[in-house]
file run.pdb (PDB, C-alpha atoms)
ATOM      1  CA  MET U   1     129.804 136.074 182.314
ATOM      2  CA  ASN U   2     132.850 138.129 181.460
ATOM      3  CA  THR U   3     131.987 141.822 181.241
ATOM      4  CA  THR U   4     135.098 143.051 179.462
ATOM      5  CA  THR U   5     135.106 144.205 175.896
ATOM      6  CA  ALA U   6     135.753 141.341 173.503
ATOM      7  CA  PRO U   7     138.246 141.724 170.652
ATOM      8  CA  GLU U   8     137.094 141.288 167.086
ATOM      9  CA  SER U   9     136.245 137.609 166.689
ATOM     10  CA  ALA U  10     138.301 135.497 164.306
ATOM     11  CA  VAL U  11     135.527 132.882 164.222
ATOM     12  CA  ASP U  12     133.366 132.858 161.106
ATOM     13  CA  PRO U  13     129.762 132.402 162.343
ATOM     14  CA  ARG U  14     128.879 130.637 159.083
ATOM     15  CA  ARG U  15     130.852 127.568 160.212
ATOM     16  CA  PHE U  16     128.212 126.524 162.766
ATOM     17  CA  LYS U  17     125.914 123.736 161.600
ATOM     18  CA  SER U  18     123.228 124.167 164.269
ATOM     19  CA  PHE U  19     121.881 126.818 166.579
ATOM     20  CA  ALA U  20     123.043 124.744 169.556
ATOM     21  CA  GLU U  21     126.620 125.113 168.268
ATOM     22  CA  PHE U  22     126.124 128.796 167.444
ATOM     23  CA  TYR U  23     124.624 130.011 170.737
ATOM     24  CA  PRO U  24     127.778 129.680 172.904
ATOM     25  CA  PHE U  25     129.651 131.667 170.234
ATOM     26  CA  TYR U  26     126.822 134.214 170.222
ATOM     27  CA  LEU U  27     127.215 134.719 173.964
ATOM     28  CA  THR U  28     130.967 135.312 173.605
ATOM     29  CA  GLU U  29     130.135 138.068 171.124
ATOM     30  CA  HIS U  30     128.113 139.738 173.914
ATOM     31  CA  ALA U  31     130.718 139.860 176.687
ATOM     32  CA  ASN U  32     130.233 143.590 177.285
ATOM     33  CA  ARG U  33     127.513 144.295 179.853
ATOM     34  CA  THR U  34     126.390 147.524 178.154
ATOM     35  CA  CYS U  35     126.004 145.677 174.856
ATOM     36  CA  ARG U  36     123.811 143.047 176.560
ATOM     37  CA  ARG U  37     121.765 145.767 178.234
ATOM     38  CA  LEU U  38     121.218 147.532 174.921
ATOM     39  CA  HIS U  39     120.098 144.242 173.366
ATOM     40  CA  PHE U  40     117.665 143.746 176.229
ATOM     41  CA  VAL U  41     116.227 147.260 175.898
ATOM     42  CA  GLY U  42     115.916 146.953 172.114
ATOM     43  CA  SER U  43     114.215 143.558 172.360
ATOM     44  CA  THR U  44     111.780 144.847 174.973
ATOM     45  CA  ILE U  45     110.890 147.860 172.829
ATOM     46  CA  SER U  46     110.459 145.517 169.848
ATOM     47  CA  LEU U  47     107.977 143.430 171.822
ATOM     48  CA  LEU U  48     106.062 146.578 172.786
ATOM     49  CA  CYS U  49     105.994 147.588 169.116
ATOM     50  CA  LEU U  50     104.627 144.146 168.246
ATOM     51  CA  VAL U  51     101.817 144.648 170.763
ATOM     52  CA  ALA U  52     101.119 148.085 169.268
ATOM     53  CA  LEU U  53     101.072 146.534 165.778
ATOM     54  CA  ILE U  54      98.509 143.942 166.865
ATOM     55  CA  VAL U  55      96.345 146.495 168.676
ATOM     56  CA  THR U  56      96.422 149.228 166.028
ATOM     57  CA  LEU U  57      97.048 147.193 162.850
ATOM     58  CA  ASN U  58      99.386 150.013 161.829
ATOM     59  CA  PRO U  59     102.320 148.462 159.901
ATOM     60  CA  LEU U  60     104.631 151.302 160.927
ATOM     61  CA  TRP U  61     104.924 149.570 164.314
ATOM     62  CA  LEU U  62     106.652 146.670 162.550
ATOM     63  CA  LEU U  63     109.238 149.060 161.150
ATOM     64  CA  ALA U  64     109.615 150.733 164.545
ATOM     65  CA  GLY U  65     110.181 147.341 166.183
ATOM     66  CA  LEU U  66     112.867 146.371 163.690
ATOM     67  CA  VAL U  67     114.632 149.731 164.011
ATOM     68  CA  ALA U  68     114.536 149.546 167.819
ATOM     69  CA  GLY U  69     115.715 145.942 168.017
ATOM     70  CA  TYR U  70     118.543 146.175 165.533
ATOM     71  CA  GLY U  71     119.385 149.804 166.303
ATOM     72  CA  PHE U  72     120.027 149.206 169.990
ATOM     73  CA  ALA U  73     121.901 145.964 169.246
ATOM     74  CA  TRP U  74     124.160 147.546 166.643
ATOM     75  CA  ILE U  75     124.928 150.504 168.906
ATOM     76  CA  GLY U  76     125.943 147.945 171.519
ATOM     77  CA  HIS U  77     128.213 146.103 169.097
ATOM     78  CA  PHE U  78     129.871 149.020 167.349
ATOM     79  CA  GLY U  79     129.973 151.367 170.343
ATOM     80  CA  PHE U  80     130.707 149.088 173.291
ATOM     81  CA  GLU U  81     131.499 145.514 172.228
ATOM     82  CA  LYS U  82     133.754 146.777 169.407
ATOM     83  CA  ASN U  83     132.844 143.888 167.125
ATOM     84  CA  ARG U  84     130.735 143.305 164.054
ATOM     85  CA  PRO U  85     127.258 141.836 164.669
ATOM     86  CA  ALA U  86     127.000 138.190 163.672
ATOM     87  CA  SER U  87     123.669 139.095 162.052
ATOM     88  CA  PHE U  88     125.655 140.277 159.037
ATOM     89  CA  LYS U  89     126.805 136.688 158.336
ATOM     90  CA  ARG U  90     124.272 134.517 160.189
ATOM     91  CA  PRO U  91     121.006 136.515 160.328
ATOM     92  CA  LEU U  92     118.615 133.714 161.336
ATOM     93  CA  TYR U  93     120.843 132.256 164.056
ATOM     94  CA  SER U  94     121.594 135.763 165.326
ATOM     95  CA  PHE U  95     117.889 136.588 165.493
ATOM     96  CA  MET U  96     117.303 133.341 167.388
ATOM     97  CA  GLY U  97     120.275 134.169 169.622
ATOM     98  CA  ASP U  98     118.796 137.563 170.470
ATOM     99  CA  TRP U  99     115.656 135.917 171.800
ATOM    100  CA  ALA U 100     117.487 133.056 173.514
ATOM    101  CA  MET U 101     119.694 135.603 175.303
ATOM    102  CA  TYR U 102     116.613 137.697 176.151
ATOM    103  CA  ARG U 103     115.025 134.605 177.724
ATOM    104  CA  ASP U 104     118.249 133.752 179.539
ATOM    105  CA  ILE U 105     118.470 137.280 180.940
ATOM    106  CA  TRP U 106     114.944 136.958 182.335
ATOM    107  CA  LEU U 107     115.842 133.540 183.791
ATOM    108  CA  GLY U 108     119.013 134.900 185.383
ATOM    109  CA  ARG U 109     121.347 132.738 183.285
ATOM    110  CA  VAL U 110     122.910 135.804 181.641
ATOM    111  CA  LYS U 111     123.696 138.866 183.749
ATOM    112  CA  ILE U 112     122.920 142.414 182.717
TER     113      ILE U 112
END
call {"tool": "encode", "arguments": {"input": "run.pdb", "output": "structure tokens"}}
result
Amino acid sequence: MNTTTAPESAVDPRRFKSFAEFYPFYLTEHANRTCRRLHFVGSTISLLCLVALIVTLNPLWLLAGLVAGYGFAWIGHFGFEKNRPASFKRPLYSFMGDWAMYRDIWLGRVKI
């Protein structure tokens, strides 16, 4: 995967009719290695917060998980990728893309 910073995308993520069409675009929006690493860290913390939510039944863990997941991702986009997160226009597909990329990182299909 290319690790250079991607320019602002001219592609409107709302044009994709399926997640299968969207995911390759999603990956191009994560060309910067630091951005991918921040996504990975945020997703991992979110999963830990989910475990804490289940164990403690404290709903603040849900908020903490959302802040961690999106916070790390948005820092990656605005600070390193220099683009606008697709979650602003395609929230469900972007959420699915986060977890597909997380899986692909674990499987070695996407490098961090």
call {"tool": "closest_residue", "arguments": {"input": "run.pdb", "among": "U:Met96, U:Ile54, U:Ile45, U:Ile112", "to": "Ala20 of chain U", "atoms": "all atoms listed in the file"}}
result
U:Met96
call {"tool": "closest_residue", "arguments": {"input": "run.pdb", "among": "U:Pro91, U:Ser43, U:Glu81, U:Ala100", "to": "Leu66 of chain U", "atoms": "only C-alpha atoms"}}
result
U:Ser43
call {"tool": "residues_around", "arguments": {"input": "run.pdb", "residues": "segment 86-90 of chain U", "least_positions_apart": "4", "cutoff": "7 Å", "atoms": "all atoms listed in the file", "output": "ChimeraX atom specification"}}
result
/U:13-14,94
call {"tool": "residues_around", "arguments": {"input": "run.pdb", "residues": "segment 37-42 of chain U", "least_positions_apart": "2", "cutoff": "10 Å", "atoms": "all atoms listed in the file", "output": "compact mmCIF listing (two decimals) with C-alpha atoms, in the frame of the given file"}}
result
# COMPACT_ATOMS: atom_id res chain seq x y z
CA HIS U 30 128.11 139.74 173.91
CA ASN U 32 130.23 143.59 177.28
CA ARG U 33 127.51 144.29 179.85
CA THR U 34 126.39 147.52 178.15
CA CYS U 35 126.00 145.68 174.86
CA THR U 44 111.78 144.85 174.97
CA ILE U 45 110.89 147.86 172.83
CA SER U 46 110.46 145.52 169.85
CA LEU U 47 107.98 143.43 171.82
CA LEU U 48 106.06 146.58 172.79
CA GLY U 65 110.18 147.34 166.18
CA LEU U 66 112.87 146.37 163.69
CA VAL U 67 114.63 149.73 164.01
CA ALA U 68 114.54 149.55 167.82
CA GLY U 69 115.72 145.94 168.02
CA TYR U 70 118.54 146.18 165.53
CA GLY U 71 119.38 149.80 166.30
CA PHE U 72 120.03 149.21 169.99
CA ALA U 73 121.90 145.96 169.25
CA TRP U 74 124.16 147.55 166.64
CA ILE U 75 124.93 150.50 168.91
CA GLY U 76 125.94 147.94 171.52
CA HIS U 77 128.21 146.10 169.10
CA PHE U 80 130.71 149.09 173.29
CA ASP U 98 118.80 137.56 170.47
CA TRP U 99 115.66 135.92 171.80
CA MET U 101 119.69 135.60 175.30
CA TYR U 102 116.61 137.70 176.15
CA ARG U 103 115.02 134.60 177.72
CA ILE U 105 118.47 137.28 180.94
CA TRP U 106 114.94 136.96 182.34
CA LYS U 111 123.70 138.87 183.75
CA ILE U 112 122.92 142.41 182.72
call {"tool": "atom_distance", "arguments": {"input": "run.pdb", "atom1": "atom CA of Pro24 of chain U", "atom2": "atom CA of Gly108 of chain U"}}
result
16.1 Å
call {"tool": "atom_distance", "arguments": {"input": "run.pdb", "atom1": "atom CA of Arg36 of chain U", "atom2": "atom CA of Leu53 of chain U"}}
result
25.4 Å
call {"tool": "atom_distance", "arguments": {"input": "run.pdb", "atom1": "atom CA of Ala10 of chain U", "atom2": "atom CA of Phe25 of chain U"}}
result
11.2 Å
call {"tool": "closest_residue", "arguments": {"input": "run.pdb", "among": "U:Ala64, U:Leu92, U:Leu107, U:Cys49", "to": "Tyr23 of chain U", "atoms": "all atoms listed in the file"}}
result
U:Leu92
call {"tool": "closest_residue", "arguments": {"input": "run.pdb", "among": "U:Leu62, U:Arg84, U:Leu50, U:Tyr93", "to": "Phe16 of chain U", "atoms": "only C-alpha atoms"}}
result
U:Tyr93
call {"tool": "closest_residue", "arguments": {"input": "run.pdb", "among": "U:Gly97, U:Val51, U:Val110, U:Asp104", "to": "Phe19 of chain U", "atoms": "only C-alpha atoms"}}
result
U:Gly97
call {"tool": "axis_aligned_box", "arguments": {"input": "run.pdb", "around": "segment 55-62 of chain U", "padding_each_side": "5 Å", "output": "lines of an AutoDock Vina configuration file"}}
result
center_x = 101.5
center_y = 148.9
center_z = 164.3
size_x = 20.3
size_y = 14.8
size_z = 18.8
